[in-house]
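Chemist: My structure file data.pdb, PDB, C-alpha atoms (C1' of nucleotides), is below:
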```
ATOM      1  CA  MET D   1      -1.546   9.070  87.826
ATOM      2  CA  LYS D   2       2.039   8.198  88.304
ATOM      3  CA  ASN D   3       3.421   4.947  87.058
ATOM      4  CA  HIS D   4       5.809   3.162  89.305
ATOM      5  CA  PHE D   5       8.651   1.275  87.778
ATOM      6  CA  VAL D   6      10.746  -1.386  89.399
ATOM      7  CA  GLU D   7      13.997  -2.519  87.883
ATOM      8  CA  LEU D   8      15.352  -5.954  88.644
ATOM      9  CA  PRO D   9      18.484  -7.734  87.417
ATOM     10  CA  VAL D  10      18.053 -10.804  85.226
ATOM     11  CA  VAL D  11      21.081 -13.042  85.457
ATOM     12  CA  THR D  12      21.870 -14.983  82.298
ATOM     13  CA  GLY D  13      24.865 -16.660  80.797
ATOM     14  CA  GLU D  14      25.361 -13.527  78.709
ATOM     15  CA  GLY D  15      25.485 -11.156  81.616
ATOM     16  CA  GLU D  16      23.051  -9.336  83.750
ATOM     17  CA  PHE D  17      20.090  -7.886  81.926
ATOM     18  CA  ARG D  18      17.778  -5.466  83.673
ATOM     19  CA  ALA D  19      14.029  -5.862  83.524
ATOM     20  CA  ARG D  20      11.770  -2.923  84.245
ATOM     21  CA  TYR D  21       8.252  -3.521  85.466
ATOM     22  CA  SER D  22       5.270  -1.270  85.756
ATOM     23  CA  GLU D  23       2.078  -2.157  87.558
ATOM     24  CA  LYS D  24       0.776  -3.571  84.294
ATOM     25  CA  GLY D  25       3.622  -5.861  83.423
ATOM     26  CA  LEU D  26       7.059  -5.972  81.871
ATOM     27  CA  ALA D  27       7.723  -2.532  80.443
ATOM     28  CA  GLY D  28      11.360  -2.679  79.455
ATOM     29  CA  LEU D  29      14.474  -4.779  79.159
ATOM     30  CA  SER D  30      18.048  -3.545  79.019
ATOM     31  CA  PHE D  31      21.100  -5.367  77.802
ATOM     32  CA  PRO D  32      23.981  -5.979  80.199
ATOM     33  CA  GLU D  33      26.104  -2.937  80.744
ATOM     34  CA  ARG D  34      29.756  -2.687  81.449
ATOM     35  CA  ARG D  35      29.143  -0.903  84.702
ATOM     36  CA  ARG D  36      28.497  -2.914  87.788
ATOM     37  CA  PRO D  37      24.771  -3.199  88.220
ATOM     38  CA  ASN D  38      23.097  -1.518  91.156
ATOM     39  CA  GLY D  39      21.240  -4.622  92.071
ATOM     40  CA  ARG D  40      17.744  -4.722  93.333
ATOM     41  CA  LYS D  41      15.950  -1.567  94.243
ATOM     42  CA  ASP D  42      13.682  -1.358  97.192
ATOM     43  CA  ILE D  43      10.748  -3.274  95.831
ATOM     44  CA  SER D  44       8.388  -2.770  98.720
ATOM     45  CA  ALA D  45       8.733   0.978  98.601
ATOM     46  CA  ALA D  46       8.205   1.145  94.878
ATOM     47  CA  TRP D  47       5.494  -1.408  94.676
ATOM     48  CA  GLY D  48       3.333  -0.836  97.700
ATOM     49  CA  THR D  49       1.157  -3.845  98.332
ATOM     50  CA  ALA D  50       2.224  -7.331  99.245
ATOM     51  CA  ALA D  51      -0.028  -8.673  96.511
ATOM     52  CA  GLY D  52       1.824  -6.589  93.970
ATOM     53  CA  HIS D  53       5.080  -7.825  95.330
ATOM     54  CA  GLY D  54       4.066 -11.443  94.800
ATOM     55  CA  GLN D  55       2.873 -10.676  91.310
ATOM     56  CA  LEU D  56       6.125  -8.956  90.537
ATOM     57  CA  ASN D  57       8.063 -12.008  91.592
ATOM     58  CA  ARG D  58       5.916 -14.180  89.363
ATOM     59  CA  TRP D  59       6.482 -11.904  86.386
ATOM     60  CA  HIS D  60      10.165 -11.754  87.081
ATOM     61  CA  ARG D  61      10.480 -15.542  87.178
ATOM     62  CA  LEU D  62       8.703 -15.726  83.822
ATOM     63  CA  THR D  63      10.984 -13.068  82.397
ATOM     64  CA  GLN D  64      14.121 -14.832  83.582
ATOM     65  CA  ALA D  65      12.989 -18.155  82.194
ATOM     66  CA  ALA D  66      11.905 -16.650  78.879
ATOM     67  CA  LEU D  67      15.077 -14.653  78.478
ATOM     68  CA  ASN D  68      17.307 -17.633  79.158
ATOM     69  CA  ARG D  69      15.342 -19.730  76.708
ATOM     70  CA  VAL D  70      15.658 -17.148  73.968
ATOM     71  CA  LEU D  71      19.361 -16.764  74.650
ATOM     72  CA  ALA D  72      19.629 -20.527  74.231
ATOM     73  CA  GLY D  73      17.978 -20.233  70.821
ATOM     74  CA  ARG D  74      14.611 -21.580  71.896
ATOM     75  CA  ALA D  75      11.109 -20.148  72.004
ATOM     76  CA  PRO D  76      10.536 -17.961  75.065
ATOM     77  CA  GLY D  77       7.537 -19.944  76.222
ATOM     78  CA  ARG D  78       5.248 -18.155  78.612
ATOM     79  CA  LEU D  79       5.785 -14.421  78.910
ATOM     80  CA  PRO D  80       4.662 -12.055  81.629
ATOM     81  CA  PRO D  81       2.148  -9.402  80.547
ATOM     82  CA  LEU D  82       3.865  -6.749  78.486
ATOM     83  CA  ASP D  83       3.180  -3.119  79.244
ATOM     84  CA  TRP D  84       3.147  -1.245  75.970
ATOM     85  CA  SER D  85       1.266   1.746  77.274
ATOM     86  CA  GLY D  86       2.646   4.851  75.701
ATOM     87  CA  ALA D  87       3.446   3.118  72.443
ATOM     88  CA  THR D  88       1.602   4.101  69.295
ATOM     89  CA  ALA D  89      -0.850   1.761  67.593
ATOM     90  CA  PHE D  90       1.598   1.354  64.760
ATOM     91  CA  GLN D  91       4.418   0.333  67.069
ATOM     92  CA  LYS D  92       2.238  -2.179  68.859
ATOM     93  CA  SER D  93       1.151  -3.774  65.615
ATOM     94  CA  VAL D  94       4.782  -4.122  64.565
ATOM     95  CA  TRP D  95       5.781  -5.636  67.894
ATOM     96  CA  ARG D  96       2.816  -8.030  67.879
ATOM     97  CA  GLU D  97       3.959  -9.202  64.489
ATOM     98  CA  LEU D  98       7.462  -9.754  65.814
ATOM     99  CA  LEU D  99       6.134 -11.903  68.645
ATOM    100  CA  LYS D 100       4.791 -14.324  66.048
ATOM    101  CA  LEU D 101       8.255 -15.055  64.706
ATOM    102  CA  ALA D 102       9.645 -18.390  65.820
ATOM    103  CA  PRO D 103      13.311 -18.783  66.716
ATOM    104  CA  GLY D 104      15.460 -19.016  63.632
ATOM    105  CA  VAL D 105      12.814 -17.358  61.492
ATOM    106  CA  THR D 106      13.766 -14.006  60.067
ATOM    107  CA  ARG D 107      11.826 -11.375  58.190
ATOM    108  CA  SER D 108      12.865  -8.250  56.375
ATOM    109  CA  TYR D 109      11.577  -4.847  57.360
ATOM    110  CA  GLY D 110       9.575  -4.895  54.172
ATOM    111  CA  GLN D 111       7.960  -8.228  55.047
ATOM    112  CA  ILE D 112       6.952  -6.965  58.471
ATOM    113  CA  ALA D 113       5.512  -3.859  56.880
ATOM    114  CA  ALA D 114       3.509  -5.993  54.464
ATOM    115  CA  ALA D 115       2.343  -8.285  57.254
ATOM    116  CA  ILE D 116       0.722  -5.423  59.136
ATOM    117  CA  GLY D 117      -0.929  -4.163  55.983
ATOM    118  CA  ARG D 118       1.390  -1.235  55.238
ATOM    119  CA  PRO D 119       3.807  -2.572  52.668
ATOM    120  CA  ARG D 120       5.441   0.775  52.088
ATOM    121  CA  ALA D 121       5.985   1.686  55.710
ATOM    122  CA  VAL D 122       9.322  -0.076  55.739
ATOM    123  CA  ARG D 123      11.241   2.772  57.264
ATOM    124  CA  ALA D 124       8.609   3.263  59.887
ATOM    125  CA  VAL D 125       8.960  -0.416  60.790
ATOM    126  CA  GLY D 126      12.631   0.200  61.349
ATOM    127  CA  GLY D 127      11.727   3.054  63.614
ATOM    128  CA  ALA D 128       9.282   0.925  65.567
ATOM    129  CA  CYS D 129      11.902  -1.782  65.998
ATOM    130  CA  GLY D 130      14.345   0.771  67.287
ATOM    131  CA  ALA D 131      11.760   1.998  69.747
ATOM    132  CA  ASN D 132      11.102  -1.502  71.036
ATOM    133  CA  PRO D 133      11.550  -1.317  74.821
ATOM    134  CA  ILE D 134      11.741  -5.086  75.277
ATOM    135  CA  PRO D 135      14.420  -6.416  72.932
ATOM    136  CA  VAL D 136      15.135 -10.170  72.818
ATOM    137  CA  LEU D 137      11.677 -11.094  74.121
ATOM    138  CA  VAL D 138      10.112  -8.976  71.394
ATOM    139  CA  PRO D 139      12.476 -10.345  68.780
ATOM    140  CA  CYS D 140      13.433  -7.264  66.849
ATOM    141  CA  HIS D 141      16.749  -9.012  66.191
ATOM    142  CA  ARG D 142      14.921 -11.321  63.772
ATOM    143  CA  VAL D 143      14.185  -8.430  61.454
ATOM    144  CA  LEU D 144      16.810  -8.032  58.772
ATOM    145  CA  ALA D 145      17.191  -5.618  55.922
ATOM    146  CA  ALA D 146      16.625  -6.906  52.408
ATOM    147  CA  ASN D 147      19.234  -9.348  51.044
ATOM    148  CA  GLN D 148      19.812 -10.783  54.505
ATOM    149  CA  LYS D 149      21.807  -7.799  55.604
ATOM    150  CA  LEU D 150      21.853  -7.177  59.308
ATOM    151  CA  GLY D 151      20.403  -3.715  59.222
ATOM    152  CA  GLY D 152      20.657  -2.174  62.635
ATOM    153  CA  PHE D 153      20.083  -2.962  66.258
ATOM    154  CA  SER D 154      19.608  -0.611  69.149
ATOM    155  CA  ALA D 155      21.895  -2.552  71.453
ATOM    156  CA  GLY D 156      24.555  -3.050  68.807
ATOM    157  CA  LEU D 157      24.942  -5.356  65.858
ATOM    158  CA  ALA D 158      27.154  -7.699  67.863
ATOM    159  CA  TRP D 159      24.164  -8.657  69.967
ATOM    160  CA  LYS D 160      21.953  -9.059  66.949
ATOM    161  CA  ARG D 161      24.470 -11.341  65.302
ATOM    162  CA  LYS D 162      24.954 -13.358  68.472
ATOM    163  CA  LEU D 163      21.245 -13.825  69.088
ATOM    164  CA  LEU D 164      20.652 -14.946  65.523
ATOM    165  CA  ALA D 165      23.591 -17.333  65.636
ATOM    166  CA  ARG D 166      22.094 -18.954  68.741
ATOM    167  CA  GLU D 167      18.945 -19.574  66.753
ATOM    168  CA  GLY D 168      20.855 -21.140  63.927
ATOM    169  CA  VAL D 169      20.685 -18.203  61.540
ATOM    170  CA  ASN D 170      23.987 -17.925  59.766
ATOM    171  CA  GLY D 171      25.315 -16.605  56.537
ATOM    172  CA  LEU D 172      24.429 -13.025  57.276
ATOM    173  CA  SER D 173      26.032 -10.337  55.228
ATOM    174  CA  ALA D 174      28.566  -8.276  57.048
ATOM    175  CA  GLU D 175      27.020  -4.886  57.420
TER     176      GLU D 175
ATOM    177  C1'  DG H 176       5.080  21.408  60.048
ATOM    178  C1'  DA H 177       9.778  19.880  59.304
ATOM    179  C1'  DC H 178      12.976  16.464  59.668
ATOM    180  C1'  DA H 179      15.200  12.062  60.338
ATOM    181  C1'  DG H 180      15.349   7.058  60.078
ATOM    182  C1'  DA H 181      17.507  -0.125  62.080
ATOM    183  C1'  DT H 182      14.487   0.535  54.123
ATOM    184  C1'  DG H 183      14.024  -0.783  49.484
ATOM    185  C1'  DA H 184      14.150  -0.407  44.663
ATOM    186  C1'  DA H 185      15.884   1.404  40.491
ATOM    187  C1'  DG H 186      19.326   3.158  37.500
ATOM    188  C1'  DG H 187      24.007   4.045  36.122
ATOM    189  C1'  DA H 188      28.979   2.954  36.023
TER     190       DA H 188
ATOM    191  C1'  DT E 189      28.162  -6.162  41.298
ATOM    192  C1'  DC E 190      28.596  -1.855  43.677
ATOM    193  C1'  DC E 191      27.204   2.765  44.501
ATOM    194  C1'  DT E 192      24.044   6.578  44.461
ATOM    195  C1'  DT E 193      19.679   8.497  44.440
ATOM    196  C1'  DC E 194      15.084   8.890  45.515
ATOM    197  C1'  DA E 195      10.323   7.472  46.945
ATOM    198  C1'  DT E 196       7.850   6.310  50.878
ATOM    199  C1'  DC E 197       5.648   6.348  55.790
ATOM    200  C1'  DT E 198       5.800   7.146  60.516
ATOM    201  C1'  DG E 199       7.448   9.157  64.854
ATOM    202  C1'  DT E 200       9.371  12.922  67.262
ATOM    203  C1'  DC E 201      10.390  17.595  68.269
TER     204       DC E 201
END
```
Have the structure of the file written as structure tokens, please.
Modeler:
Amino acid sequence: MKNHFVELPVVTGEGEFRARYSEKGLAGLSFPERRRPNGRKDISAAWGTAAGHGQLNRWHRLTQAALNRVLAGRAPGRLPPLDWSGATAFQKSVWRELLKLAPGVTRSYGQIAAAIGRPRAVRAVGGACGANPIPVLVPCHRVLAANQKLGGFSAGLAWKRKLLAREGVNGLSAE
DNA sequence: GACAGATGAAGGA
DNA sequence: TCCTTCATCTGTC
């Protein structure tokens, strides 16, 4: 069967993110781009039923609230259902572990690897973080390399640094 | 299968 | 302390 995706803008103080929804929940989140956003797509055409439309609006409100809270350095609170279909079991276990991290709490790739029972899969954890379709809400920015180095970030280290600073994490090594 | 990667640890200068 | 090298594990092509 074919999955329908709907992309909606999420307005925050940091710019306009774009949330992508499937019929199962939030499937992706993109950082603000330089280009002017397209705005809202035709929801009714993509979504079909009125019930789905109402559900989408509910999810989107949750996403907006959660995103703004995280950007303010607070816990996201209630999240919409996350659609991780297509992800591997390993990636999901990494992302589930990330969801447990409170704001301001950081872990190294090695610690995440150990937490999911694969202490030597550190590089694979990095790969899973990079494959994370829902940055910010799945806080891959709270994963640092050893020695508090920044490591990497799919959307750019500037975002990672900014997000961590909002949560009160300072003193990061320049990397 | 081969290869690359958002790592980490160890060893040498 | 910094730099280089290598072991390790998973995902992707």
Chemist: So which residues get picked by the PyMOL selection byres ((chain D) within 10 of (chain H)) here, written as a ChimeraX atom specification?
Modeler: /D:108-110,120-131,140-141,143-146,150-154,157
Chemist: So, with all atoms listed in the file as the atoms that count, which of D:Phe5, D:Trp84, D:Phe90, D:Phe17 lies closest to DC197 in chain E?
Modeler: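 Closest to DC197 in chain E of all the choices is D:Phe90.
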Chemist: For the file shown, what are the residues hit by the PyMOL selection byres ((chain D and resi 106) around 9), laid out as a ChimeraX atom specification?
Modeler: /D:101-105,107-108,141-144,148,164,169
Chemist: Please enumerate the residues selected by the PyMOL selection byres ((chain E) within 12 of (chain D)) when evaluated against the supplied file, formatted as a ChimeraX atom specification.
Modeler: /E:195-200
Chemist: In Å, with one decimal, what is the gap from CA of Leu8 in chain D to CA of Gly73 in chain D?
Modeler: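 CA of Gly73 in chain D lies 23.0 Å from CA of Leu8 in chain D.
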Chemist: Provide the CA of Glu14 in chain D to CA of Ala158 in chain D distance in Å, to one decimal place.
Modeler: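 Separation between CA of Glu14 in chain D and CA of Ala158 in chain D: 12.4 Å.
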Chemist: Between CA of Pro133 in chain D and CA of Pro81 in chain D, what is the spacing in Å?
Modeler: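 Result for CA of Pro81 in chain D versus CA of Pro133 in chain D: 13.7 Å, one decimal.
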Chemist: List the spatial neighbours of Glu97 in chain D as a PyMOL selection string - criterion: any atom at most 8 Å away, all atoms listed in the file, same-chain residues fewer than 6 positions off excluded.
Modeler: chain D and resi 112+115-116
Chemist: Given the choices D:Ala72, D:Ala114, D:Leu79, D:Leu56, which gets closest to Leu163 in chain D if the distance is worked out from only C-alpha atoms?
Modeler: D:Ala72
Chemist: Starting from the sparse input, extend range 61-72 of chain D to all heavy atoms and give the output as a short mmCIF file (atom, residue, chain, number, x, y, z; two decimals), in the coordinates of the input.
Modeler:
```cif
data_model
loop_
_atom_site.label_atom_id
_atom_site.label_comp_id
_atom_site.auth_asym_id
_atom_site.auth_seq_id
_atom_site.Cartn_x
_atom_site.Cartn_y
_atom_site.Cartn_z
N ARG D 61 10.08 -14.15 87.45
CA ARG D 61 10.48 -15.54 87.18
C ARG D 61 10.20 -15.90 85.72
O ARG D 61 11.00 -16.55 85.06
CB ARG D 61 9.74 -16.50 88.11
CG ARG D 61 10.42 -16.66 89.46
CD ARG D 61 9.94 -17.92 90.17
NE ARG D 61 8.50 -17.88 90.42
CZ ARG D 61 7.96 -17.31 91.50
NH1 ARG D 61 8.71 -16.73 92.40
NH2 ARG D 61 6.64 -17.31 91.66
N LEU D 62 9.04 -15.45 85.22
CA LEU D 62 8.70 -15.73 83.82
C LEU D 62 9.70 -15.04 82.89
O LEU D 62 10.15 -15.60 81.89
CB LEU D 62 7.29 -15.22 83.51
CG LEU D 62 6.14 -16.03 84.10
CD1 LEU D 62 4.81 -15.34 83.84
CD2 LEU D 62 6.13 -17.43 83.51
N THR D 63 10.04 -13.82 83.23
CA THR D 63 10.98 -13.07 82.40
C THR D 63 12.34 -13.77 82.36
O THR D 63 12.94 -13.94 81.30
CB THR D 63 11.15 -11.63 82.94
OG1 THR D 63 9.88 -10.99 82.95
CG2 THR D 63 12.12 -10.84 82.08
N GLN D 64 12.81 -14.17 83.53
CA GLN D 64 14.12 -14.83 83.58
C GLN D 64 14.12 -16.11 82.77
O GLN D 64 15.05 -16.37 81.99
CB GLN D 64 14.48 -15.16 85.03
CG GLN D 64 14.75 -13.94 85.88
CD GLN D 64 15.57 -14.29 87.12
OE1 GLN D 64 16.77 -14.47 87.04
NE2 GLN D 64 14.91 -14.40 88.26
N ALA D 65 13.06 -16.89 82.92
CA ALA D 65 12.99 -18.16 82.19
C ALA D 65 12.93 -17.89 80.69
O ALA D 65 13.63 -18.52 79.90
CB ALA D 65 11.76 -18.94 82.66
N ALA D 66 12.08 -16.94 80.30
CA ALA D 66 11.90 -16.65 78.88
C ALA D 66 13.21 -16.13 78.27
O ALA D 66 13.62 -16.53 77.18
CB ALA D 66 10.78 -15.63 78.69
N LEU D 67 13.85 -15.24 78.99
CA LEU D 67 15.08 -14.65 78.48
C LEU D 67 16.16 -15.73 78.30
O LEU D 67 16.84 -15.77 77.27
CB LEU D 67 15.56 -13.56 79.44
CG LEU D 67 16.74 -12.72 78.98
CD1 LEU D 67 16.43 -12.06 77.63
CD2 LEU D 67 17.05 -11.65 80.02
N ASN D 68 16.29 -16.58 79.27
CA ASN D 68 17.31 -17.63 79.16
C ASN D 68 16.99 -18.60 78.02
O ASN D 68 17.89 -19.10 77.35
CB ASN D 68 17.44 -18.38 80.49
CG ASN D 68 18.35 -17.63 81.46
OD1 ASN D 68 19.55 -17.51 81.23
ND2 ASN D 68 17.77 -17.10 82.52
N ARG D 69 15.70 -18.83 77.81
CA ARG D 69 15.34 -19.73 76.71
C ARG D 69 15.67 -19.09 75.37
O ARG D 69 16.20 -19.74 74.46
CB ARG D 69 13.85 -20.08 76.78
CG ARG D 69 13.52 -21.02 77.92
CD ARG D 69 12.01 -21.13 78.08
NE ARG D 69 11.38 -21.75 76.94
CZ ARG D 69 11.10 -23.04 76.87
NH1 ARG D 69 11.38 -23.83 77.89
NH2 ARG D 69 10.52 -23.54 75.80
N VAL D 70 15.36 -17.82 75.23
CA VAL D 70 15.66 -17.15 73.97
C VAL D 70 17.16 -17.10 73.73
O VAL D 70 17.64 -17.31 72.62
CB VAL D 70 15.07 -15.72 73.95
CG1 VAL D 70 15.53 -14.97 72.71
CG2 VAL D 70 13.55 -15.78 74.00
N LEU D 71 17.91 -16.83 74.79
CA LEU D 71 19.36 -16.76 74.65
C LEU D 71 19.94 -18.12 74.28
O LEU D 71 21.04 -18.21 73.73
CB LEU D 71 20.00 -16.26 75.95
CG LEU D 71 19.73 -14.78 76.25
CD1 LEU D 71 20.26 -14.42 77.63
CD2 LEU D 71 20.36 -13.89 75.20
N ALA D 72 19.19 -19.18 74.60
CA ALA D 72 19.63 -20.53 74.23
C ALA D 72 19.13 -20.90 72.84
O ALA D 72 19.32 -22.03 72.39
CB ALA D 72 19.13 -21.53 75.27
#
```
